[in-house]
Structures are given as C-alpha cells and as structure tokens.
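Student: The file below is my_file-v9.txt, compact mmCIF, N, CA and C atoms and all ligand atoms:
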```txt
# COMPACT_ATOMS: atom_id res chain seq x y z
N MET A 171 101.38 70.21 24.51
CA MET A 171 102.01 71.06 23.51
C MET A 171 102.45 70.27 22.28
N HIS A 172 101.83 69.12 22.06
CA HIS A 172 102.26 68.36 20.86
C HIS A 172 101.77 69.00 19.57
N GLU A 173 100.91 70.04 19.71
CA GLU A 173 100.45 70.75 18.51
C GLU A 173 101.62 71.37 17.76
N LEU A 174 102.65 71.78 18.49
CA LEU A 174 103.80 72.43 17.87
C LEU A 174 104.45 71.50 16.85
N ALA A 175 104.69 70.26 17.27
CA ALA A 175 105.34 69.29 16.39
C ALA A 175 104.48 68.96 15.18
N ILE A 176 103.18 68.77 15.39
CA ILE A 176 102.35 68.40 14.24
C ILE A 176 102.15 69.59 13.30
N THR A 177 102.11 70.79 13.86
CA THR A 177 101.98 71.96 12.99
C THR A 177 103.25 72.13 12.16
N GLN A 178 104.40 71.84 12.79
CA GLN A 178 105.66 71.91 12.06
C GLN A 178 105.67 70.95 10.87
N SER A 179 105.24 69.71 11.10
CA SER A 179 105.24 68.77 9.98
C SER A 179 104.19 69.15 8.95
N LEU A 180 103.07 69.68 9.41
CA LEU A 180 102.03 70.15 8.49
C LEU A 180 102.58 71.23 7.55
N VAL A 181 103.25 72.23 8.12
CA VAL A 181 103.80 73.32 7.32
C VAL A 181 104.87 72.79 6.36
N LYS A 182 105.69 71.88 6.86
CA LYS A 182 106.76 71.30 6.04
C LYS A 182 106.19 70.57 4.82
N ILE A 183 105.18 69.74 5.07
CA ILE A 183 104.55 68.98 3.98
C ILE A 183 103.90 69.93 2.98
N ALA A 184 103.15 70.91 3.50
CA ALA A 184 102.45 71.85 2.63
C ALA A 184 103.44 72.62 1.75
N LEU A 185 104.54 73.06 2.35
CA LEU A 185 105.53 73.83 1.60
C LEU A 185 106.22 72.98 0.54
N SER A 186 106.51 71.74 0.86
CA SER A 186 107.19 70.91 -0.14
C SER A 186 106.24 70.55 -1.28
N LYS A 187 104.95 70.36 -0.96
CA LYS A 187 103.95 70.10 -2.00
C LYS A 187 103.81 71.32 -2.92
N ALA A 188 103.81 72.51 -2.31
CA ALA A 188 103.67 73.74 -3.09
C ALA A 188 104.88 73.93 -4.00
N GLN A 189 106.05 73.58 -3.48
CA GLN A 189 107.27 73.72 -4.26
C GLN A 189 107.25 72.75 -5.45
N GLU A 190 106.85 71.51 -5.17
CA GLU A 190 106.73 70.50 -6.23
C GLU A 190 105.81 70.98 -7.34
N ALA A 191 104.72 71.65 -6.95
CA ALA A 191 103.72 72.09 -7.91
C ALA A 191 104.13 73.42 -8.55
N GLY A 192 105.26 73.97 -8.14
CA GLY A 192 105.73 75.23 -8.68
C GLY A 192 104.86 76.42 -8.29
N ALA A 193 104.25 76.32 -7.12
CA ALA A 193 103.35 77.39 -6.67
C ALA A 193 104.13 78.55 -6.07
N LEU A 194 103.64 79.74 -6.30
CA LEU A 194 104.25 80.92 -5.70
C LEU A 194 103.75 81.10 -4.28
N ARG A 195 102.52 80.68 -4.08
CA ARG A 195 101.86 80.98 -2.82
C ARG A 195 100.84 79.90 -2.50
N ILE A 196 100.71 79.60 -1.23
CA ILE A 196 99.63 78.71 -0.79
C ILE A 196 98.48 79.60 -0.35
N ARG A 197 97.32 79.34 -0.91
CA ARG A 197 96.15 80.15 -0.57
C ARG A 197 95.40 79.56 0.62
N LYS A 198 95.27 78.24 0.59
CA LYS A 198 94.47 77.59 1.62
C LYS A 198 94.94 76.15 1.85
N ILE A 199 94.94 75.75 3.10
CA ILE A 199 95.28 74.37 3.43
C ILE A 199 94.07 73.75 4.11
N ASN A 200 93.56 72.70 3.51
CA ASN A 200 92.42 72.00 4.09
C ASN A 200 92.95 70.82 4.90
N LEU A 201 92.73 70.92 6.19
CA LEU A 201 93.30 69.95 7.10
C LEU A 201 92.20 69.17 7.80
N LYS A 202 92.43 67.88 7.96
CA LYS A 202 91.46 67.08 8.71
C LYS A 202 92.15 66.51 9.94
N ILE A 203 91.50 66.70 11.07
CA ILE A 203 92.06 66.19 12.32
C ILE A 203 91.00 65.39 13.06
N GLY A 204 91.36 64.20 13.42
CA GLY A 204 90.45 63.35 14.19
C GLY A 204 90.34 63.85 15.63
N ARG A 205 89.14 63.75 16.19
CA ARG A 205 88.92 64.25 17.56
C ARG A 205 89.74 63.50 18.60
N LEU A 206 90.04 62.28 18.29
CA LEU A 206 90.79 61.47 19.26
C LEU A 206 92.25 61.89 19.39
N THR A 207 92.73 62.69 18.46
CA THR A 207 94.12 63.13 18.55
C THR A 207 94.30 64.02 19.77
N GLY A 208 93.19 64.66 20.21
CA GLY A 208 93.26 65.54 21.37
C GLY A 208 93.87 66.89 21.06
N TYR A 209 94.12 67.17 19.80
CA TYR A 209 94.71 68.46 19.44
C TYR A 209 93.72 69.59 19.66
N VAL A 210 94.23 70.71 20.08
CA VAL A 210 93.41 71.89 20.29
C VAL A 210 93.51 72.75 19.02
N PRO A 211 92.36 73.00 18.35
CA PRO A 211 92.40 73.72 17.08
C PRO A 211 93.06 75.09 17.19
N GLU A 212 92.78 75.81 18.28
CA GLU A 212 93.36 77.15 18.45
C GLU A 212 94.88 77.07 18.52
N ALA A 213 95.38 76.03 19.14
CA ALA A 213 96.83 75.87 19.28
C ALA A 213 97.47 75.59 17.92
N VAL A 214 96.80 74.76 17.12
CA VAL A 214 97.31 74.45 15.79
C VAL A 214 97.33 75.74 14.95
N GLU A 215 96.23 76.50 15.02
CA GLU A 215 96.15 77.75 14.26
C GLU A 215 97.20 78.76 14.71
N MET A 216 97.38 78.86 16.02
CA MET A 216 98.35 79.82 16.55
C MET A 216 99.77 79.46 16.13
N ASN A 217 100.11 78.19 16.21
CA ASN A 217 101.44 77.75 15.78
C ASN A 217 101.64 77.99 14.30
N PHE A 218 100.58 77.74 13.55
CA PHE A 218 100.64 77.93 12.11
C PHE A 218 100.96 79.40 11.77
N GLU A 219 100.23 80.31 12.41
CA GLU A 219 100.44 81.75 12.18
C GLU A 219 101.87 82.18 12.51
N MET A 220 102.44 81.51 13.52
CA MET A 220 103.80 81.84 13.94
C MET A 220 104.85 81.35 12.95
N MET A 221 104.53 80.25 12.28
CA MET A 221 105.54 79.58 11.45
C MET A 221 105.60 80.03 10.01
N VAL A 222 104.48 80.58 9.51
CA VAL A 222 104.42 80.82 8.06
C VAL A 222 105.00 82.14 7.52
N PRO A 223 105.17 83.18 8.36
CA PRO A 223 105.69 84.42 7.76
C PRO A 223 107.01 84.19 7.02
N GLY A 224 107.11 84.77 5.83
CA GLY A 224 108.32 84.63 5.04
C GLY A 224 108.36 83.38 4.18
N THR A 225 107.34 82.53 4.31
CA THR A 225 107.28 81.34 3.48
C THR A 225 106.16 81.48 2.44
N ARG A 226 106.08 80.47 1.56
CA ARG A 226 105.00 80.47 0.57
C ARG A 226 103.62 80.36 1.21
N ALA A 227 103.59 79.98 2.46
CA ALA A 227 102.30 79.79 3.14
C ALA A 227 101.86 81.03 3.90
N GLU A 228 102.63 82.10 3.80
CA GLU A 228 102.26 83.33 4.51
C GLU A 228 100.90 83.81 4.03
N GLY A 229 100.01 84.09 4.96
CA GLY A 229 98.67 84.58 4.62
C GLY A 229 97.70 83.49 4.21
N ALA A 230 98.15 82.25 4.23
CA ALA A 230 97.27 81.16 3.83
C ALA A 230 96.19 80.90 4.89
N VAL A 231 95.05 80.47 4.42
CA VAL A 231 93.96 80.13 5.33
C VAL A 231 94.13 78.67 5.74
N LEU A 232 94.02 78.43 7.01
CA LEU A 232 94.07 77.06 7.51
C LEU A 232 92.65 76.62 7.83
N ASP A 233 92.16 75.71 7.04
CA ASP A 233 90.78 75.26 7.24
C ASP A 233 90.81 73.89 7.92
N ILE A 234 90.45 73.88 9.18
CA ILE A 234 90.51 72.63 9.94
C ILE A 234 89.14 71.99 10.02
N GLN A 235 89.07 70.76 9.56
CA GLN A 235 87.81 70.03 9.69
C GLN A 235 88.03 68.90 10.69
N TRP A 236 87.14 68.83 11.66
CA TRP A 236 87.29 67.83 12.71
C TRP A 236 86.56 66.55 12.33
N ILE A 237 87.26 65.45 12.43
CA ILE A 237 86.65 64.16 12.14
C ILE A 237 86.15 63.56 13.45
N PRO A 238 84.84 63.30 13.53
CA PRO A 238 84.31 62.72 14.77
C PRO A 238 84.85 61.31 15.00
N ILE A 239 84.74 60.88 16.23
CA ILE A 239 85.18 59.53 16.57
C ILE A 239 84.10 58.55 16.12
N ARG A 240 84.50 57.57 15.35
CA ARG A 240 83.53 56.59 14.88
C ARG A 240 83.99 55.20 15.34
N CYS A 241 83.04 54.45 15.83
CA CYS A 241 83.37 53.13 16.38
C CYS A 241 82.50 52.04 15.75
N ARG A 242 83.01 50.83 15.86
CA ARG A 242 82.21 49.67 15.49
C ARG A 242 82.22 48.73 16.69
N CYS A 243 81.02 48.28 17.06
CA CYS A 243 80.91 47.39 18.21
C CYS A 243 81.43 45.99 17.85
N ARG A 244 82.29 45.47 18.71
CA ARG A 244 82.86 44.15 18.44
C ARG A 244 81.82 43.04 18.65
N ASP A 245 80.76 43.36 19.40
CA ASP A 245 79.76 42.33 19.69
C ASP A 245 78.64 42.29 18.67
N CYS A 246 77.98 43.46 18.45
CA CYS A 246 76.81 43.44 17.58
C CYS A 246 77.09 44.05 16.21
N GLY A 247 78.27 44.63 16.03
CA GLY A 247 78.62 45.17 14.72
C GLY A 247 78.06 46.54 14.42
N ALA A 248 77.35 47.15 15.39
CA ALA A 248 76.78 48.48 15.18
C ALA A 248 77.89 49.50 14.99
N GLU A 249 77.66 50.46 14.08
CA GLU A 249 78.60 51.56 13.91
C GLU A 249 78.00 52.82 14.49
N TYR A 250 78.76 53.55 15.25
CA TYR A 250 78.23 54.75 15.89
C TYR A 250 79.31 55.80 16.07
N GLN A 251 78.83 57.05 16.26
CA GLN A 251 79.73 58.17 16.47
C GLN A 251 79.79 58.51 17.93
N SER A 252 80.94 58.97 18.35
CA SER A 252 81.08 59.39 19.72
C SER A 252 81.88 60.67 19.75
N ASP A 253 81.43 61.63 20.56
CA ASP A 253 82.16 62.87 20.65
C ASP A 253 83.08 62.90 21.86
N GLN A 254 82.93 61.90 22.69
CA GLN A 254 83.79 61.85 23.87
C GLN A 254 84.61 60.58 23.81
N LEU A 255 85.27 60.30 24.91
CA LEU A 255 86.10 59.11 24.92
C LEU A 255 85.34 57.89 25.41
N ASP A 256 84.03 58.08 25.59
CA ASP A 256 83.19 56.96 25.99
C ASP A 256 82.78 56.19 24.74
N LEU A 257 83.28 54.99 24.61
CA LEU A 257 83.05 54.24 23.38
C LEU A 257 82.00 53.15 23.56
N THR A 258 81.15 53.32 24.58
CA THR A 258 80.11 52.34 24.86
C THR A 258 79.14 52.21 23.68
N CYS A 259 78.82 50.99 23.32
CA CYS A 259 77.90 50.75 22.20
C CYS A 259 76.48 51.18 22.58
N PRO A 260 75.85 52.04 21.76
CA PRO A 260 74.50 52.50 22.10
C PRO A 260 73.46 51.38 21.96
N ARG A 261 73.78 50.34 21.21
CA ARG A 261 72.80 49.28 21.00
C ARG A 261 72.83 48.24 22.13
N CYS A 262 74.02 47.76 22.45
CA CYS A 262 74.05 46.73 23.50
C CYS A 262 74.59 47.24 24.83
N GLY A 263 75.05 48.49 24.86
CA GLY A 263 75.41 49.11 26.12
C GLY A 263 76.70 48.61 26.76
N ILE A 264 77.46 47.84 26.02
CA ILE A 264 78.73 47.40 26.61
C ILE A 264 79.91 48.08 25.91
N LEU A 265 80.98 48.16 26.63
CA LEU A 265 82.14 48.87 26.12
C LEU A 265 83.00 47.93 25.29
N SER A 266 82.65 47.83 23.99
CA SER A 266 83.47 46.95 23.17
C SER A 266 83.70 47.58 21.80
N GLY A 267 83.65 48.91 21.80
CA GLY A 267 83.82 49.63 20.55
C GLY A 267 85.25 49.58 20.03
N GLN A 268 85.34 49.37 18.74
CA GLN A 268 86.63 49.41 18.08
C GLN A 268 86.66 50.71 17.29
N ILE A 269 87.71 51.49 17.47
CA ILE A 269 87.75 52.80 16.82
C ILE A 269 88.07 52.66 15.32
N ILE A 270 87.22 53.24 14.49
CA ILE A 270 87.46 53.20 13.04
C ILE A 270 88.06 54.53 12.57
N ASP A 271 87.45 55.64 13.01
CA ASP A 271 87.91 56.96 12.61
C ASP A 271 88.16 57.82 13.84
N GLY A 272 88.97 58.85 13.66
CA GLY A 272 89.14 59.82 14.74
C GLY A 272 90.57 59.94 15.24
N ARG A 273 91.43 59.01 14.79
CA ARG A 273 92.81 59.05 15.26
C ARG A 273 93.74 59.71 14.25
N GLU A 274 93.19 60.05 13.08
CA GLU A 274 94.05 60.49 12.00
C GLU A 274 94.25 62.00 11.93
N MET A 275 95.25 62.42 11.23
CA MET A 275 95.45 63.81 10.93
C MET A 275 96.13 63.89 9.58
N PHE A 276 95.52 64.57 8.65
CA PHE A 276 96.15 64.65 7.34
C PHE A 276 95.72 65.89 6.57
N ILE A 277 96.53 66.24 5.57
CA ILE A 277 96.19 67.36 4.70
C ILE A 277 95.28 66.80 3.61
N ASP A 278 94.08 67.31 3.54
CA ASP A 278 93.12 66.84 2.56
C ASP A 278 93.44 67.43 1.19
N SER A 279 93.69 68.73 1.15
CA SER A 279 94.06 69.38 -0.10
C SER A 279 94.72 70.73 0.18
N ILE A 280 95.43 71.21 -0.83
CA ILE A 280 96.08 72.51 -0.72
C ILE A 280 95.69 73.33 -1.93
N GLU A 281 95.27 74.57 -1.70
CA GLU A 281 94.94 75.44 -2.82
C GLU A 281 96.09 76.43 -3.02
N ILE A 282 96.55 76.51 -4.26
CA ILE A 282 97.75 77.32 -4.53
C ILE A 282 97.54 78.35 -5.63
N ASP A 283 98.45 79.33 -5.64
CA ASP A 283 98.51 80.30 -6.74
C ASP A 283 99.79 80.04 -7.51
N ASN A 284 99.68 79.98 -8.82
CA ASN A 284 100.88 79.74 -9.61
C ASN A 284 101.48 81.04 -10.15
ZN ZN B 301 76.95 46.58 20.35
```
Using structure tokens, write down the structure from this file.
Ligand SMILES: [Zn+2]

Tutor:
Amino acid sequence: MHELAITQSLVKIALSKAQEAGALRIRKINLKIGRLTGYVPEAVEMNFEMMVPGTRAEGAVLDIQWIPIRCRCRDCGAEYQSDQLDLTCPRCGILSGQIIDGREMFIDSIEIDN
C-alpha cells in the first residue's frame, strides 16, 4: 500500500506547482514511474481519484508512463532492458547487471488552465 504515500506526494507537488504558475485548474499530469518501484498503476490512479476532489486537480487526467528496467552489465558493458527482476546479462549470461533506469518516479510535466 505504499502507493498511497507516493500518490499523496504526487498530488501535493502537482498542486503547489499549479499554484506557483497561477493555474486555476490542472488538466493533465504526466507521470513517469519506473517498473522497479513495484507500484501498481491502478492503485496510483485510484488513490489519485480519491484525493483530488475539491482541489485544482479535480478532473485532471493522470497519464502514467512506465519506465522499463534498464541495466548495464558490469562485465561486458552491454546495456539491456528487463521487464522482470531477472537482471541476467543476455550477452554473457551472468548476473552482474547494474540498474540504470527503473527505480525512479517523477512528474514529467503538468498541463494547466490559467
Ligand atoms: Zn555481460
């Protein structure tokens, strides 16, 4: 249930950004979440819908883009994508992948109405 906490901070950041920009309403929030975070998109969306009524983000579209897990092999330097938690290098077949992408979560952009 850690989606609740991250959705809370997401809404908080989006609302303060909208306020800074003098926006009346947030139309859309473009969010990027790395697959390694383990967050469930439906849970993030559900929490979001629960939190926004009565705020500038009411009715806003939450656009979630998932960032695949990307690794670099510590042995041969190959870069590869992984959709699971198996970080085995496809070139040399040993488990020595260093994670480059997939652990992050951030607001890419916010679309507002002034
Ligand atoms: Zn390798």

Student: Work out how far atom CA of A:Asp256 is from atom CA of A:Trp236, in Å to one decimal.

Tutor: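 Those two atoms sit 17.6 Å apart.
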
Student: Which one is closest to A:Tyr250: A:Leu180, A:Met220, A:Ala193, A:Ile269? Count only C-alpha atoms.

Tutor: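 That would be A:Ile269, the residue with the smallest distance to A:Tyr250.
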
Student: Quick one: everything within 12 Å of A:Ser279, counting only C-alpha atoms, minus sequence neighbours fewer than 4 positions away in the same chain. Send it as a PyMOL selection string.

Tutor: chain A and resi 180+183-184+187-188+196-202+232-235

Student: Return as a ChimeraX atom specification every polymer residue, whether protein, DNA or RNA, with at least one atom no more than 7 Å from an atom of ligand ZN 301 (chain B); count only N, CA and C atoms and all ligand atoms.

Tutor: /A:242-248,258-264,266

Student: According to DSSP computed on the backbone, where in chain A is there strand (DSSP E or B)? Give the residues as JSON, numbers by chain.

Tutor: {"A": [195, 196, 197, 198, 199, 200, 201, 202, 203, 204, 231, 232, 233, 234, 235, 236, 237, 239, 240, 241, 242, 243, 249, 250, 251, 252, 267, 268, 269, 270, 271, 275, 276, 277, 278, 279, 280, 281, 282, 283]}

Student: Atom CA of A:Ile239 to atom CA of A:Asn217: how many Å, to one decimal?

Tutor: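 We find that atom CA of A:Ile239 and atom CA of A:Asn217 lie 24.4 Å from each other.
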
Student: As an exercise, work out the distance from atom CA of A:Asn284 to atom CA of A:Gln178 in Å and give it to one decimal place.

Tutor: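 Taking atom CA of A:Asn284 and atom CA of A:Gln178, their separation equals 23.5 Å.
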
Student: With distances taken over only C-alpha atoms, which of A:Arg195, A:Ile203, A:Ser179, A:Ile280 is nearest to A:Gly229?

Tutor: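 Checking each candidate against A:Gly229, we get A:Arg195 as the closest.
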
Student: Taking every listed atom of stretch 187-199 of chain A and adding 4 Å to each side, what centre and edge lengths in Å (one decimal) does the axis-aligned box have, as JSON?

Tutor:
```
{"center_x": 100.7, "center_y": 75.6, "center_z": -2.3, "size_x": 21.2, "size_y": 19.0, "size_z": 20.8}
```

Student: Skip stretch 251-255 of chain A itself and residues of its chain fewer than 4 positions away, then list as a VMD selection string all residues within 6 Å of it, counting only N, CA and C atoms.

Tutor: chain A and resid 238 to 241

Student: Which residue, A:Gly208, A:Ala213, A:Glu249, A:Met221, has the smallest gap to A:Val181 when you use only N, CA and C atoms?

Tutor: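 The closest residue to A:Val181 is A:Met221.
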